Amino acid sequence: MSLLSKLKEAAVCLKAGRVTLPYPAQAQPVPPKFRGRPIFDAAKCIGCAGCANNCPAREILVFDVCQEVRILKYLGRRCTYCGRCADVCPEDAITMSHEFENATNSIGDIQQKLDLFMSTCQRCGRCFKEPSPLEQLKLKGYRFDDLANEQWIFRSQAYLTEEAAVDDVKIELD
Amino acid sequence: MIAREKLNELRAKFGPAIQRADLPSDGRLFVFIEPSVVKDVCAHIFRDLDARYVISIGADDRPSSGKFMVAHNFAFDREHLLASVLTYLPAENPKLDSISDVVPAANWAEREIRDLVGIEPVGHRYLKRLVLPDGWPDGLHPLRKDFAWNQVPEGFDEDREFKFDEPPEGCTVVPFGPFHPTLDEPAHFRLYVEGEMVRGCEYRGFMVHRGIEKLAELVLTYNEIPLMAERICGICGCVHNVTYAQAVENAIALRPPPRAEYIRTIMLEIERLHSHLLWVGLACHIVGFDTLFMQSFRIREPVMWIAEKITGNRKTYALCVIGGVRWDIAPEMKAELRAVLDKLEAEWTPVVAAVLKDKNIQKRTRDVGVADRRLVKEMGLIGPVARAAGADMDCRRDHPYAAYDRVEFDVITADGADVWSRVVVRAKEVFESIKIIRQCLEKMEPGPLQAEIRDELPVGRLGMSSVEAPRGESHHFVITGENNRPRRWRVRAPTYQNLQGVPAMIKDQQLADMTISLGSIDPCFSCTDRLETIDLRTKAVKVWSQEELRILTRRAKT
């Protein structure tokens with residue numbers, strides 16, 4: 001007879017009581033190490049592009065407008081919040097925040113675009129401290145990811161061409 | 001040296017056909033042989049030496065050696081040895097004798113190699129398309145190196161229909177899936193039904209391929225792959241993450257620091273805890289016993305929370321990189337983890353005690369979905385399905401990895417070979433996992449989390465790793481390559497083998513038992529289907545053409 005089992009099972013349920021949490025009316029705090037949406041700090045970023053080179057989802061684009069200005073864009077579409085960008089960043093400019101309610105109708109809400117002043121940087125990649133040869137910068141020099149179509153492009157070059165410059169800045173080529 | 005013994009045995013029998021052998025470590029054996037003897041060697045290993053079939057791998061090696069390569073992997077579970085039989089084939093018109101006559105479990109793997117790499121298995125009895133979508137043009141093989149990762153093939157024929165087999169006489173066809181309430185992911189079974197009895201079926205799956213192996217070979221780099229690998233599966237993601245890392249470490253003979261090994265073990269067991277609790281709940285849900293479904297999900301929740309505290313996420317722990325782990329377990333976290341385990345044990349014990357005596361569940365699951373020892377051997381079934389049939393195998397003990405050689409635990413087996421036995425095995429394994437985590441917390445010592453890697457990884461090395469996932473053995477095979485990424489990475493998820501046993505499991509039983517029989521292997525189609533280079537979500541539904549669907553929706557509105 002299975003009645004005893006049924007009574008035991010009922011006891012398990014009764015003992016448990018109500019366990020449903022009052023989310024979203026009252027959200028539980030997330031643990032300290034929680035990996036939410038990455039936040040990029042333009043003040044700390046030196047534009048080494050280490051994050052862009054080591055992003056498994058290829059969600060960080062780099063585009064050099066001219067010698068002095070580098071654009072770094074975080075796309076936020078298929079980002080998996082793995083936190084590798086924050087791992088490899090030599091300046092701790094990327095924080096994995098505690099934000100997880102990121103559903104949006106407009107992806108622009110969670111995208112970030114950093115306009116970085118690069119001074120006379122020659123993009124040699126020396127400022128990126130790689131944890132091991134497995135993370136080394138594959139793309140050095142000037143980079144031209146496709147910002148319009150939001151695509152990572154495996155291409156870079158040592159010098160800028162004149163066409164790539166914005167109108168008001170004169171680029172000097174070696 | 002068991003690897004040496006096995007090699008000598010093979011040498012004694014096949015002598016000159018063995019071109020060379022590689023014994024990188026005691027648990028691994030790579031034998032390179034002539035193509036002409038592959039079938040005989042595999043038959044000898046599978047039948048006479050009684051090895052378990054693991055998987056076959058096809059690779060396009062033309063850029064480096066100018067040839068194609070095929071590897072058949074076997075496991076000697078009792079002798080703690082993983083063996084790979086490799087052979088090279090000419091670049092023009094590659095073909096190889098099929099081994100699926102002597103090793104029935106190789107059926108899918110050979111069809112997959114034919115689809116993706118274009119190596120013809122000569123003598124295969126059922127050469128239907130397995131992986132590629134129906135409309136994919138013939139003669140194009142996406143895993144060949146001259147096929148770009150983002151190439152969209154010309155001549156894709158949307159209207160080409162998949163030719164299903166004729167049902168046996170007197171049987172009616174009942175389609176099951178691609179979308180069915182008990183399938184969490186798409187797969188199509190065409191059931192041949194006579195009255196209420198299922199007499200056979202045909203399977204058409206691989207509808208959610210994501211081309212992850214191709215990406216790994218051409219786009220991602222060594223340390224990016226683990227974070228993608230764990231997205232192969234939503235339940236046993238950490239397993240794929242660890243298996244990949246271990247396969248590469250095996251290839252380059254790198255040992256992660258002891259603390260990293262303990263942390264891997266702990267996280268794998270935490271994953272097993274959550275997976276077993278989830279599956280027992282789901283299995284009960286399928287047979288209509290929602291009380292236990294609710295309770296096991298309630299008991300499971302603290303496991304998810306502790307995983308989130310340790311790694312930063314409930315699932316997708318992002319744990320491994322090559323040579324170590326990323327997250328540490330702090331001393332205060334140890335205490336918290338112990339508390340979670342104590343509570344889990346206290347709550348799971350009465351549930352198991354009640355369920356194991358519950359006649360209602362037993363009536364619904366006993367002698368249902370039977371996979372006996374013979375089927376386990378022939379189809380290479382693994383994990384709880386095999387253990388429920390009395391096959392005493394567990395990679396944690398048989399092919400120890402991470403810190404499993406330093407902990408003590410029992411391998412739970414049962415002898416019913418049915419769904420009920422699988423419930424019993426998985427319900428009891430929860431306690432073993434708790435035991436393992438406790439020992440790890442006890443034995444773990446402070447130390448570094450990652451091994452130092454100073455040089456780029458060597459090229460052309462072979463590595464393999466088997467990890468006991470909650471559903472069975474997950475096996476990865478890696479050939480290291482240039483440009484900071486592997487040349488070939490093959491993922492064999494447990495469902496890949498277990499699913500091939502389903503047709504035999506559902507044969508000659510009630511149609512109503514189909515759902516729980518299939519559910520009992522804990523199918524994970526996304527794991528199994530991990531390969532495709534084109535996204536065809538809507539087009540893959542072949543029963544309705546787009547036009548027909550449009551007509552149907554219009555009709556539904558009025």
# chains A, B, ... in the order shown; residues from 1 in each chain; ligands from 1
$ residues_around --residues "Asp22 (chain B)" --least-positions-apart "3" --cutoff "9 Å" --atoms "only C-alpha atoms" --output "MDAnalysis selection string"
chainID B and resid 25 28:32
$ write_last_selection --atoms "N, CA and C atoms" --output "short mmCIF file (atom, residue, chain, number, x, y, z; two decimals), in the first residue's frame"
data_model
loop_
_atom_site.label_atom_id
_atom_site.label_comp_id
_atom_site.auth_asym_id
_atom_site.auth_seq_id
_atom_site.Cartn_x
_atom_site.Cartn_y
_atom_site.Cartn_z
N SER B 25 50.65 9.60 -21.95
CA SER B 25 50.56 9.40 -20.51
C SER B 25 49.89 8.05 -20.28
N ARG B 28 46.27 7.25 -21.70
CA ARG B 28 45.93 7.58 -23.09
C ARG B 28 46.75 6.73 -24.05
N LEU B 29 46.10 6.35 -25.18
CA LEU B 29 46.81 5.60 -26.21
C LEU B 29 46.31 6.07 -27.58
N PHE B 30 47.24 6.49 -28.43
CA PHE B 30 46.89 6.87 -29.80
C PHE B 30 47.61 5.90 -30.73
N VAL B 31 46.83 5.17 -31.53
CA VAL B 31 47.43 4.22 -32.46
C VAL B 31 47.11 4.66 -33.88
N PHE B 32 48.15 4.84 -34.67
CA PHE B 32 47.96 5.22 -36.07
C PHE B 32 48.07 3.97 -36.92
#
$ interface_residues --of "chain B" --to "chain A" --cutoff "7 Å" --atoms "only C-alpha atoms" --output "list in words"
Leu220, Tyr222, Asn223, Glu224, Leu227, Met228, Gln295, Glu308, Lys309, Thr311, Gly312, Asn313, Ala318, Val351, Ala354, Val355, Lys357, Asp358, Lys359, Ile453, Arg454, Asp455, Glu456 and Asn484 of chain B
$ atom_distance --atom1 "CA of Ala414 (chain B)" --atom2 "CA of Cys284 (chain B)"
18.9 Å
$ select_by_dssp --residues "chain A" --states "helix (DSSP H, G or I)" --output "PyMOL selection string"
chain A and resi 3-16+50-53+84-88+107-109+133-135+162-164
$ residues_around --residues "Leu183 (chain B)" --least-positions-apart "4" --cutoff "9 Å" --atoms "only C-alpha atoms" --output "list in words"
Gly177, Pro178, Phe179, Ala187, Thr515, Leu518, Gly519 and Pro523 of chain B
$ write_last_selection --atoms "all heavy atoms" --output "short mmCIF file (atom, residue, chain, number, x, y, z; two decimals), in the first residue's frame"
data_model
loop_
_atom_site.label_atom_id
_atom_site.label_comp_id
_atom_site.auth_asym_id
_atom_site.auth_seq_id
_atom_site.Cartn_x
_atom_site.Cartn_y
_atom_site.Cartn_z
N GLY B 177 6.95 15.67 -31.95
CA GLY B 177 7.88 16.77 -32.13
C GLY B 177 7.86 17.25 -33.56
O GLY B 177 7.08 16.72 -34.34
N PRO B 178 8.67 18.21 -33.99
CA PRO B 178 9.75 18.88 -33.28
C PRO B 178 9.31 19.64 -32.03
O PRO B 178 10.12 19.85 -31.15
CB PRO B 178 10.33 19.85 -34.30
CG PRO B 178 9.64 19.62 -35.58
CD PRO B 178 8.49 18.74 -35.34
N PHE B 179 8.06 20.06 -31.97
CA PHE B 179 7.65 20.79 -30.78
C PHE B 179 6.59 19.99 -30.04
O PHE B 179 5.55 19.68 -30.60
CB PHE B 179 7.14 22.19 -31.15
CG PHE B 179 8.20 22.97 -31.86
CD1 PHE B 179 8.17 23.13 -33.22
CD2 PHE B 179 9.26 23.48 -31.15
CE1 PHE B 179 9.17 23.81 -33.88
CE2 PHE B 179 10.28 24.16 -31.79
CZ PHE B 179 10.23 24.32 -33.16
N ALA B 187 13.14 18.24 -31.66
CA ALA B 187 13.62 17.00 -32.27
C ALA B 187 12.39 16.31 -32.80
O ALA B 187 11.30 16.47 -32.25
CB ALA B 187 14.33 16.12 -31.28
N THR B 515 6.90 9.42 -23.77
CA THR B 515 7.42 10.67 -23.21
C THR B 515 8.39 10.40 -22.06
O THR B 515 9.47 10.96 -22.02
CB THR B 515 6.28 11.56 -22.71
OG1 THR B 515 5.41 10.78 -21.91
CG2 THR B 515 5.52 12.16 -23.85
N LEU B 518 11.71 8.70 -23.28
CA LEU B 518 12.62 9.68 -23.85
C LEU B 518 13.14 10.59 -22.75
O LEU B 518 14.33 10.89 -22.67
CB LEU B 518 11.89 10.49 -24.93
CG LEU B 518 12.71 11.55 -25.66
CD1 LEU B 518 13.89 10.92 -26.36
CD2 LEU B 518 11.84 12.29 -26.67
N GLY B 519 12.24 11.02 -21.86
CA GLY B 519 12.64 11.89 -20.76
C GLY B 519 13.65 11.25 -19.85
O GLY B 519 14.48 11.91 -19.25
N PRO B 523 17.24 13.92 -22.28
CA PRO B 523 17.82 14.32 -23.56
C PRO B 523 18.16 15.79 -23.60
O PRO B 523 17.46 16.61 -23.04
CB PRO B 523 16.70 14.01 -24.56
CG PRO B 523 15.46 14.11 -23.78
CD PRO B 523 15.80 13.67 -22.39
#
$ atom_distance --atom1 "CA of Arg488 (chain B)" --atom2 "CA of Glu213 (chain B)"
7.6 Å
$ residues_around --residues "Ala52 (chain A)" --least-positions-apart "6" --cutoff "8 Å" --atoms "only C-alpha atoms" --output "JSON, numbers by chain"
{"A": [58, 59, 60, 61, 62, 85]}
$ write_last_selection --atoms "all heavy atoms" --output "mmCIF file, in the first residue's frame"
data_model
loop_
_atom_site.group_PDB
_atom_site.id
_atom_site.type_symbol
_atom_site.label_atom_id
_atom_site.label_comp_id
_atom_site.auth_asym_id
_atom_site.auth_seq_id
_atom_site.Cartn_x
_atom_site.Cartn_y
_atom_site.Cartn_z
ATOM 1 N N ARG A 58 32.783 38.575 -29.369
ATOM 2 C CA ARG A 58 33.141 39.661 -30.298
ATOM 3 C C ARG A 58 32.147 40.818 -30.188
ATOM 4 O O ARG A 58 31.587 41.258 -31.199
ATOM 5 C CB ARG A 58 33.168 39.141 -31.734
ATOM 6 C CG ARG A 58 34.128 37.992 -31.939
ATOM 7 C CD ARG A 58 35.518 38.488 -32.246
ATOM 8 N NE ARG A 58 36.422 37.389 -32.518
ATOM 9 C CZ ARG A 58 37.256 36.854 -31.616
ATOM 10 N NH1 ARG A 58 37.286 37.324 -30.394
ATOM 11 N NH2 ARG A 58 38.055 35.872 -31.943
ATOM 12 N N GLU A 59 31.940 41.277 -28.983
ATOM 13 C CA GLU A 59 30.933 42.311 -28.755
ATOM 14 C C GLU A 59 31.538 43.691 -28.508
ATOM 15 O O GLU A 59 30.843 44.627 -28.178
ATOM 16 C CB GLU A 59 30.057 41.911 -27.550
ATOM 17 C CG GLU A 59 29.016 40.891 -27.898
ATOM 18 C CD GLU A 59 27.912 41.447 -28.769
ATOM 19 O OE1 GLU A 59 28.085 41.407 -29.994
ATOM 20 O OE2 GLU A 59 26.907 41.941 -28.243
ATOM 21 N N ILE A 60 32.867 43.787 -28.597
ATOM 22 C CA ILE A 60 33.514 45.078 -28.372
ATOM 23 C C ILE A 60 34.255 45.472 -29.649
ATOM 24 O O ILE A 60 35.100 44.720 -30.143
ATOM 25 C CB ILE A 60 34.485 45.005 -27.178
ATOM 26 C CG1 ILE A 60 33.738 44.521 -25.931
ATOM 27 C CG2 ILE A 60 35.117 46.371 -26.920
ATOM 28 C CD1 ILE A 60 34.634 44.111 -24.794
ATOM 29 N N LEU A 61 33.911 46.614 -30.209
ATOM 30 C CA LEU A 61 34.511 47.057 -31.468
ATOM 31 C C LEU A 61 35.470 48.216 -31.217
ATOM 32 O O LEU A 61 35.293 48.996 -30.288
ATOM 33 C CB LEU A 61 33.432 47.524 -32.442
ATOM 34 C CG LEU A 61 32.285 46.553 -32.718
ATOM 35 C CD1 LEU A 61 31.350 47.150 -33.759
ATOM 36 C CD2 LEU A 61 32.823 45.221 -33.209
ATOM 37 N N VAL A 62 36.486 48.314 -32.073
ATOM 38 C CA VAL A 62 37.453 49.403 -31.967
ATOM 39 C C VAL A 62 37.585 50.057 -33.338
ATOM 40 O O VAL A 62 37.745 49.373 -34.344
ATOM 41 C CB VAL A 62 38.825 48.875 -31.514
ATOM 42 C CG1 VAL A 62 39.815 50.025 -31.418
ATOM 43 C CG2 VAL A 62 38.719 48.159 -30.190
ATOM 44 N N CYS A 85 36.484 40.451 -20.318
ATOM 45 C CA CYS A 85 36.970 41.809 -20.596
ATOM 46 C C CYS A 85 37.481 42.438 -19.306
ATOM 47 O O CYS A 85 38.554 43.042 -19.268
ATOM 48 C CB CYS A 85 35.873 42.655 -21.231
ATOM 49 S SG CYS A 85 34.301 42.614 -20.350
#
$ closest_residue --among "A:Ala49, A:Leu21, A:Cys66, A:Ala43" --to "Thr120 (chain A)" --atoms "only C-alpha atoms"
A:Cys66
$ select_by_dssp --residues "chain A" --states "strand (DSSP E or B)" --output "PyMOL selection string"
chain A and resi 38-40+60-64+69-74+94-96+112-117+142-144+146+151+156-157
$ residues_around --residues "Thr104 (chain A)" --least-positions-apart "5" --cutoff "12 Å" --atoms "only C-alpha atoms" --output "PyMOL selection string"
chain A and resi 76-77+109-111
